[in-house]
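final.txt follows; it contains compact mmCIF, C-alpha atoms and all ligand atoms.
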# COMPACT_ATOMS: atom_id res chain seq x y z
CA MET A 587 0.00 0.00 0.00
CA ALA A 588 1.26 3.46 -0.87
CA SER A 589 2.42 5.50 2.10
CA MET A 590 2.10 9.25 2.06
CA ARG A 591 5.13 11.34 2.96
CA GLN A 592 4.56 13.67 5.92
CA LEU A 593 6.14 16.98 6.79
CA GLN A 594 9.06 16.53 9.15
CA GLN A 595 10.71 19.95 9.31
CA ILE A 596 10.37 23.46 7.87
CA ILE A 597 13.55 25.46 7.38
CA ARG A 598 13.42 29.16 6.65
CA ALA A 599 16.31 30.32 4.44
CA GLN A 600 18.66 32.72 6.23
CA LYS A 601 20.20 35.67 4.47
CA THR A 602 23.95 35.28 4.43
CA SER A 603 26.93 36.02 2.23
CA ASP A 604 29.69 33.86 0.78
CA GLY A 605 32.51 34.05 -1.75
CA ALA A 606 33.85 37.61 -2.00
CA GLY A 607 30.55 39.03 -0.76
CA VAL A 608 27.67 37.44 -2.67
CA SER A 609 24.25 37.73 -0.99
CA LEU A 610 22.55 34.38 -0.55
CA TYR A 611 19.56 32.72 1.06
CA ARG A 612 20.80 29.53 2.73
CA SER A 613 18.25 26.93 3.80
CA ILE A 614 20.09 23.61 4.16
CA GLY A 615 23.58 24.28 5.48
CA SER A 616 25.94 23.79 8.35
CA SER A 617 24.31 26.28 10.73
CA GLN A 618 20.79 24.91 10.13
CA GLY A 619 21.66 21.26 9.77
CA ARG A 620 22.11 19.05 6.76
CA VAL A 621 19.57 16.77 5.15
CA ASP A 622 21.62 13.68 4.25
CA PRO A 623 23.00 13.51 1.54
CA PHE A 624 22.30 17.23 0.89
CA LEU A 625 24.91 19.39 2.59
CA MET A 626 23.83 22.87 1.54
CA LEU A 627 21.27 24.70 -0.57
CA ASP A 628 21.83 28.35 -1.45
CA GLU A 629 19.47 30.54 -3.47
CA PHE A 630 20.80 33.72 -5.03
CA SER A 631 18.10 36.09 -6.15
CA THR A 632 18.74 39.76 -6.67
CA GLU A 633 18.57 42.59 -9.17
CA ASN A 634 21.22 44.58 -7.33
CA PRO A 635 24.72 44.06 -8.82
CA ASP A 636 26.30 44.88 -5.43
CA ASP A 637 24.84 41.58 -4.20
CA TYR A 638 26.70 39.45 -6.78
CA ILE A 639 29.41 41.40 -8.62
CA ALA A 640 32.27 40.20 -6.37
CA GLY A 641 31.56 36.58 -7.29
CA PHE A 642 33.44 33.55 -6.02
CA PRO A 643 37.17 33.94 -6.76
CA ALA A 644 39.38 30.81 -6.87
CA HIS A 645 38.63 28.38 -4.04
CA PRO A 646 38.95 24.62 -3.48
CA HIS A 647 36.48 21.78 -2.87
CA ARG A 648 36.99 18.15 -1.84
CA GLY A 649 34.68 15.25 -1.06
CA PHE A 650 31.29 16.10 -2.60
CA GLU A 651 29.42 17.43 -5.66
CA THR A 652 28.17 20.91 -6.42
CA VAL A 653 25.20 21.60 -8.68
CA THR A 654 24.64 25.13 -9.94
CA TYR A 655 21.29 25.88 -11.57
CA MET A 656 21.03 29.28 -13.16
CA ILE A 657 17.48 30.62 -13.44
CA GLU A 658 18.52 34.00 -14.79
CA GLY A 659 21.93 35.58 -15.34
CA HIS A 660 25.40 34.69 -16.62
CA MET A 661 28.33 33.27 -14.66
CA LEU A 662 31.69 31.92 -15.82
CA HIS A 663 33.26 28.86 -14.21
CA GLU A 664 37.00 28.26 -14.61
CA ASP A 665 38.98 25.51 -12.91
CA HIS A 666 42.53 24.20 -12.54
CA LEU A 667 41.79 21.38 -15.00
CA GLY A 668 41.37 23.98 -17.72
CA ASN A 669 37.58 23.73 -17.89
CA LYS A 670 35.83 26.92 -18.79
CA GLY A 671 32.05 26.98 -18.73
CA HIS A 672 29.52 29.71 -19.29
CA LEU A 673 26.34 29.30 -17.27
CA ARG A 674 23.47 31.23 -18.75
CA SER A 675 19.77 31.37 -17.92
CA GLY A 676 18.39 27.86 -17.50
CA ASP A 677 21.77 26.07 -17.66
CA VAL A 678 23.13 23.62 -15.11
CA GLN A 679 26.66 22.84 -14.04
CA TRP A 680 27.23 19.50 -12.29
CA MET A 681 30.68 19.35 -10.73
CA THR A 682 32.12 16.38 -8.89
CA ALA A 683 34.87 17.77 -6.68
CA GLY A 684 36.08 14.28 -5.72
CA ARG A 685 39.68 14.49 -4.48
CA GLY A 686 39.89 18.12 -5.37
CA ILE A 687 39.05 20.97 -7.65
CA ILE A 688 40.06 24.61 -7.52
CA HIS A 689 37.66 26.88 -9.35
CA SER A 690 36.21 30.34 -9.62
CA GLU A 691 32.62 31.32 -10.35
CA MET A 692 32.40 34.91 -11.55
CA PRO A 693 29.44 36.96 -12.83
CA GLN A 694 29.66 38.02 -16.49
CA GLN A 695 27.21 40.87 -16.15
CA GLU A 696 27.36 44.23 -14.43
CA GLN A 697 23.65 44.79 -14.19
CA GLY A 698 20.36 42.96 -14.27
CA ALA A 699 18.94 40.05 -12.34
CA MET A 700 20.97 37.13 -11.07
CA ARG A 701 18.88 34.20 -9.87
CA GLY A 702 19.69 30.59 -9.25
CA PHE A 703 20.82 27.89 -6.86
CA GLN A 704 23.81 26.00 -5.68
CA LEU A 705 23.24 22.60 -4.10
CA TRP A 706 25.97 20.53 -2.45
CA ILE A 707 25.44 16.76 -2.52
CA ASN A 708 27.67 14.52 -0.46
CA LEU A 709 29.69 11.66 -1.97
CA PRO A 710 29.95 8.25 -0.28
CA ALA A 711 33.27 7.55 1.50
CA VAL A 712 34.45 5.27 -1.32
CA GLU A 713 34.03 8.07 -3.90
CA LYS A 714 35.36 11.08 -2.01
CA MET A 715 38.83 10.76 -3.51
CA LYS A 716 37.82 9.95 -7.08
CA PRO A 717 39.10 12.25 -9.84
CA ALA A 718 37.27 15.53 -10.26
CA GLY A 719 34.63 15.71 -12.97
CA TYR A 720 32.68 18.51 -14.51
CA ARG A 721 29.67 18.84 -16.82
CA ASP A 722 28.00 21.87 -18.35
CA ILE A 723 24.41 21.14 -19.30
CA ALA A 724 22.80 23.64 -21.65
CA SER A 725 19.21 24.57 -20.90
CA SER A 726 18.19 23.45 -24.41
CA THR A 727 19.22 19.87 -23.56
CA ILE A 728 17.25 19.68 -20.30
CA PRO A 729 13.78 18.17 -20.86
CA ILE A 730 10.65 20.03 -19.81
CA VAL A 731 7.45 18.11 -19.20
CA GLN A 732 4.39 20.25 -19.83
CA ALA A 733 0.80 19.62 -20.85
CA PRO A 734 -2.22 21.93 -20.64
CA GLY A 735 -3.57 22.04 -17.09
CA GLN A 736 -0.59 20.05 -15.80
CA PRO A 737 2.52 21.03 -13.85
CA TRP A 738 5.52 22.47 -15.73
CA VAL A 739 8.52 20.34 -14.78
CA LYS A 740 12.16 20.75 -15.80
CA VAL A 741 13.97 17.45 -15.24
CA ILE A 742 17.61 18.05 -14.30
CA ALA A 743 18.48 14.78 -12.56
CA GLY A 744 16.55 11.55 -12.14
CA ASP A 745 13.21 10.79 -13.79
CA TYR A 746 9.85 12.50 -13.83
CA ASP A 747 6.80 10.96 -15.53
CA GLY A 748 9.02 8.63 -17.56
CA VAL A 749 11.28 11.46 -18.74
CA GLN A 750 14.96 11.18 -17.88
CA GLY A 751 17.03 14.18 -16.89
CA PRO A 752 20.54 14.58 -18.33
CA ILE A 753 22.22 13.64 -15.03
CA GLN A 754 22.08 9.89 -14.45
CA GLY A 755 24.32 7.35 -12.75
CA VAL A 756 25.16 9.32 -9.59
CA SER A 757 25.40 6.84 -6.71
CA THR A 758 23.04 8.79 -4.40
CA GLN A 759 20.43 8.57 -7.24
CA PRO A 760 19.39 12.22 -6.97
CA LEU A 761 16.12 13.59 -8.27
CA PHE A 762 16.44 17.31 -9.03
CA ILE A 763 13.41 18.90 -10.68
CA ASP A 764 12.13 22.46 -11.02
CA VAL A 765 8.31 22.54 -10.77
CA LYS A 766 5.91 25.37 -11.65
CA LEU A 767 2.26 25.13 -10.61
CA GLU A 768 -0.58 27.43 -11.58
CA PRO A 769 -2.77 28.65 -8.68
CA GLY A 770 -4.44 25.72 -6.94
CA MET A 771 -2.78 23.09 -9.15
CA SER A 772 -1.83 19.75 -7.56
CA PHE A 773 1.40 17.82 -7.97
CA GLU A 774 2.03 14.20 -7.06
CA GLN A 775 5.26 12.30 -7.23
CA SER A 776 6.20 8.80 -6.20
CA LEU A 777 9.64 8.43 -4.67
CA PRO A 778 11.77 5.60 -3.32
CA ALA A 779 10.35 5.33 0.21
CA LYS A 780 13.68 5.51 2.06
CA HIS A 781 15.15 8.39 0.08
CA THR A 782 15.47 11.83 1.60
CA ALA A 783 12.97 14.28 0.06
CA MET A 784 12.63 18.03 0.37
CA VAL A 785 11.15 20.99 -1.48
CA TYR A 786 12.27 24.62 -1.57
CA VAL A 787 9.76 27.29 -2.62
CA PHE A 788 11.20 30.18 -4.63
CA GLU A 789 8.07 31.68 -6.19
CA GLY A 790 4.56 31.85 -4.72
CA GLU A 791 3.54 29.47 -1.97
CA LEU A 792 2.52 25.85 -1.42
CA ALA A 793 -0.79 25.13 0.28
CA ALA A 794 -1.38 22.55 3.01
CA THR A 795 -1.98 18.99 1.69
CA ALA A 796 -1.86 15.39 2.89
CA SER A 797 1.97 15.63 2.78
CA LEU A 798 2.31 19.20 4.00
CA SER A 799 0.41 19.91 7.21
CA GLN A 800 0.82 23.69 6.80
CA ALA A 801 1.36 26.17 3.98
CA LEU A 802 4.99 26.59 2.85
CA PRO A 803 5.91 30.22 2.07
CA LEU A 804 8.54 31.66 -0.21
CA LYS A 805 12.18 30.95 0.70
CA HIS A 806 11.27 28.06 2.96
CA ALA A 807 12.30 24.41 2.64
CA ALA A 808 10.18 21.49 3.79
CA VAL A 809 11.80 18.17 4.62
CA PHE A 810 9.58 15.08 4.48
CA GLY A 811 9.62 11.79 6.38
CA GLU A 812 9.86 8.42 4.61
CA GLY A 813 7.10 7.23 2.31
CA ASP A 814 6.56 6.51 -1.34
CA GLN A 815 4.13 9.28 -2.30
CA LEU A 816 4.45 13.06 -2.11
CA CYS A 817 1.36 15.21 -2.59
CA LEU A 818 1.63 18.99 -3.01
CA GLN A 819 -0.60 21.83 -4.16
CA ALA A 820 -0.01 25.46 -5.08
CA SER A 821 -1.75 28.15 -3.08
CA THR A 822 -3.94 30.75 -4.82
CA GLN A 823 -0.71 32.56 -5.82
CA GLY A 824 0.70 29.58 -7.70
CA ALA A 825 4.07 28.14 -6.77
CA ARG A 826 7.48 27.30 -8.14
CA PHE A 827 9.81 25.03 -6.21
CA LEU A 828 12.71 22.63 -6.41
CA LEU A 829 12.00 19.03 -5.48
CA LEU A 830 15.15 17.28 -4.34
CA ALA A 831 15.38 13.64 -3.34
CA ALA A 832 18.29 11.23 -2.94
CA MET A 833 19.54 8.18 -1.11
CA PRO A 834 20.90 9.11 2.34
CA LEU A 835 24.49 7.97 2.98
CA ARG A 836 24.27 7.57 6.78
CA GLU A 837 28.01 8.15 7.12
CA PRO A 838 29.82 10.53 9.48
CA VAL A 839 30.25 14.03 8.06
CA VAL A 840 33.18 16.24 9.03
CA GLN A 841 33.15 19.59 7.27
CA TYR A 842 35.72 22.33 7.20
CA GLY A 843 34.47 25.04 4.84
CA PRO A 844 34.74 23.65 1.29
CA PHE A 845 36.10 20.23 2.40
CA VAL A 846 33.58 17.55 3.40
CA MET A 847 35.03 14.25 4.55
CA ASN A 848 34.25 11.44 7.04
CA THR A 849 36.96 12.01 9.66
CA ARG A 850 38.99 14.83 11.21
CA GLU A 851 42.20 13.20 9.88
CA GLU A 852 40.87 13.36 6.32
CA ILE A 853 40.10 17.06 6.80
CA ASP A 854 43.63 17.69 8.13
CA GLN A 855 44.97 15.86 5.07
CA ALA A 856 42.80 18.01 2.75
CA ILE A 857 44.10 21.22 4.37
CA ARG A 858 47.72 19.99 4.08
CA ASP A 859 47.20 18.92 0.47
CA TYR A 860 45.71 22.31 -0.40
CA GLN A 861 48.50 24.23 1.33
CA MET A 862 51.11 22.15 -0.50
CA GLY A 863 49.41 22.57 -3.85
CA ARG A 864 48.48 18.89 -4.25
CA LEU A 865 44.78 18.98 -3.45
CA ALA A 866 43.91 18.04 -6.98
CA ALA A 867 47.24 16.56 -8.09
FE FE2 B 1 32.76 26.54 -5.52
Could you show the structure in this file as structure tokens?
Amino acid sequence: MASMRQLQQIIRAQKTSDGAGVSLYRSIGSSQGRVDPFLMLDEFSTENPDDYIAGFPAHPHRGFETVTYMIEGHMLHEDHLGNKGHLRSGDVQWMTAGRGIIHSEMPQQEQGAMRGFQLWINLPAVEKMKPAGYRDIASSTIPIVQAPGQPWVKVIAGDYDGVQGPIQGVSTQPLFIDVKLEPGMSFEQSLPAKHTAMVYVFEGELAATASLSQALPLKHAAVFGEGDQLCLQASTQGARFLLLAAMPLREPVVQYGPFVMNTREEIDQAIRDYQMGRLAA
């Protein structure tokens, strides 16, 4: 028998800043707790260049994956492997830091809106030291499922309604979809019962449903308990949200800034490797 997912926790995004001074709304993250295997979710959403112009100059990562989803704007990624990727409106960058990557993420605009997300997904212990990998996924290659009177769904990772997103084969089996609902429209999704599942509202509001015991406002995340069915509905304003689900790793997490490992010793090693210029060697 199908079991309905139930609301477990609501997390309000906190305004913060990162990089060289980029304004962000952080929901999942170290100060508010992680939602295994998701380590962090940042939304950037501003029309004020002062909030983004400084960007993210060169910095390292080790031990996890970063997913950048650009809703509106233009950023340039450059890394020590020689990758250079332009992220424009609707594009996705999926980067596996693995044993190490050093990159910068800099805005390529001096005015106008900059909107999007960065999600950090943990890697299992056995994959933390694998070689770094990087993929740019153009918006035109990301499928959108849309029919009259039905939800608009952009499928970035995993499957929705039989449509496969471009990211497949990640061991935490992530589902990453962007969902737009007209006012009052319902949305149902079946999910592997034991996978972590959460939504983050970035336009409008979600109404209370069988899965969501209270309305979920803008810039709030809802984390759901186990179950194989998720049932959501837009409020009278409509709603747009990310639905994120993945297999939890249930491994110890030790984080030091941009390094996420399983033990303190591994973090010390990452810091030493970075200082000696062999983080990604
Ligand atoms: Fe980064």
Please indicate the distance in Å from CA of Ile639 (chain A) to CA of Tyr655 (chain A), rounded to one decimal place. 17.8 Å
Distance limit 10 Å, reference ligand FE2 1 (chain B), atoms considered: all atoms listed in the file. Which residues make the cut? Give them as a ChimeraX atom specification. /A:605,642-647,651-654,663,665,681,683,687-691,704,706,844
From A:Gln861, A:Ser726, A:Ser603, A:Ser609, residue lying nearest Glu633 (chain A) [only C-alpha atoms]: A:Ser609
Protein and nucleic acid residues near (31.1, 13.2, 5.0) (cut-off 8 Å, all atoms listed in the file) as a list of chain:residue names: A:Gly649, A:Asn708, A:Leu709, A:Pro710, A:Ala711, A:Glu837, A:Pro838, A:Val839, A:Val840, A:Gln841, A:Val846, A:Met847, A:Asn848, A:Thr849
Exercise on region 721-728 of chain A, axis-aligned box with 8 Å per side, report centre and edge lengths in Å to one decimal, as JSON:
{"center_x": 23.5, "center_y": 21.7, "center_z": -20.6, "size_x": 28.4, "size_y": 21.7, "size_z": 23.6}
Using only C-alpha atoms, which residue out of A:Asp747, A:Glu664, A:Glu658, A:Asp677 lies closest to Phe773 (chain A)? A:Asp747
Applying 7 Å and all atoms listed in the file, which residues near Glu812 (chain A) remain after dropping the ones on its own chain fewer than 2 positions away? List them as JSON, numbers by chain. {"A": [591, 779, 780, 781, 810]}
Just the residues within 7 Å of region 618-623 of chain A, please, counting all atoms listed in the file, with nothing from its chain fewer than 6 positions along; format it as a list of chain:residue names.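 Within the cut-off, the hits are A:Ile707, A:Asn708, A:Thr782, A:Ala832, A:Met833, A:Pro834, A:Leu835.
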Identify which of the residues A:Asp854, A:Glu629, A:Glu713, A:Asp764 lies closest to Gly684 (chain A), counting all atoms listed in the file when measuring atom-to-atom distances.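 Smallest separation from Gly684 (chain A) among the options: A:Glu713.
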Two-atom distance - CA of Leu828 (chain A), CA of Gly790 (chain A) (Å):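 Between CA of Leu828 (chain A) and CA of Gly790 (chain A) the gap works out to 12.4 Å.
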Which polymer residues, protein or nucleic acid, are no farther than 12 Å from (-1.7, 24.3, 3.8), counting only C-alpha atoms, as an MDAnalysis selection string? chainID A and resid 593 770 791:803 817:822
So what do you get for CA of Val731 (chain A) versus CA of Gly824 (chain A), distance-wise? 17.6 Å
My list of candidates is A:Arg721, A:His660, A:Lys716, A:His672. Which is closest to Gly702 (chain A) when distances are computed with all atoms listed in the file? A:His660
Nearest to Lys714 (chain A) by atom-to-atom distance, counting all atoms listed in the file, from A:Ile853, A:Gln694, A:Trp680, A:Gly813: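 Of A:Ile853, A:Gln694, A:Trp680, A:Gly813, the one nearest Lys714 (chain A), counting all atoms listed in the file, is A:Ile853.
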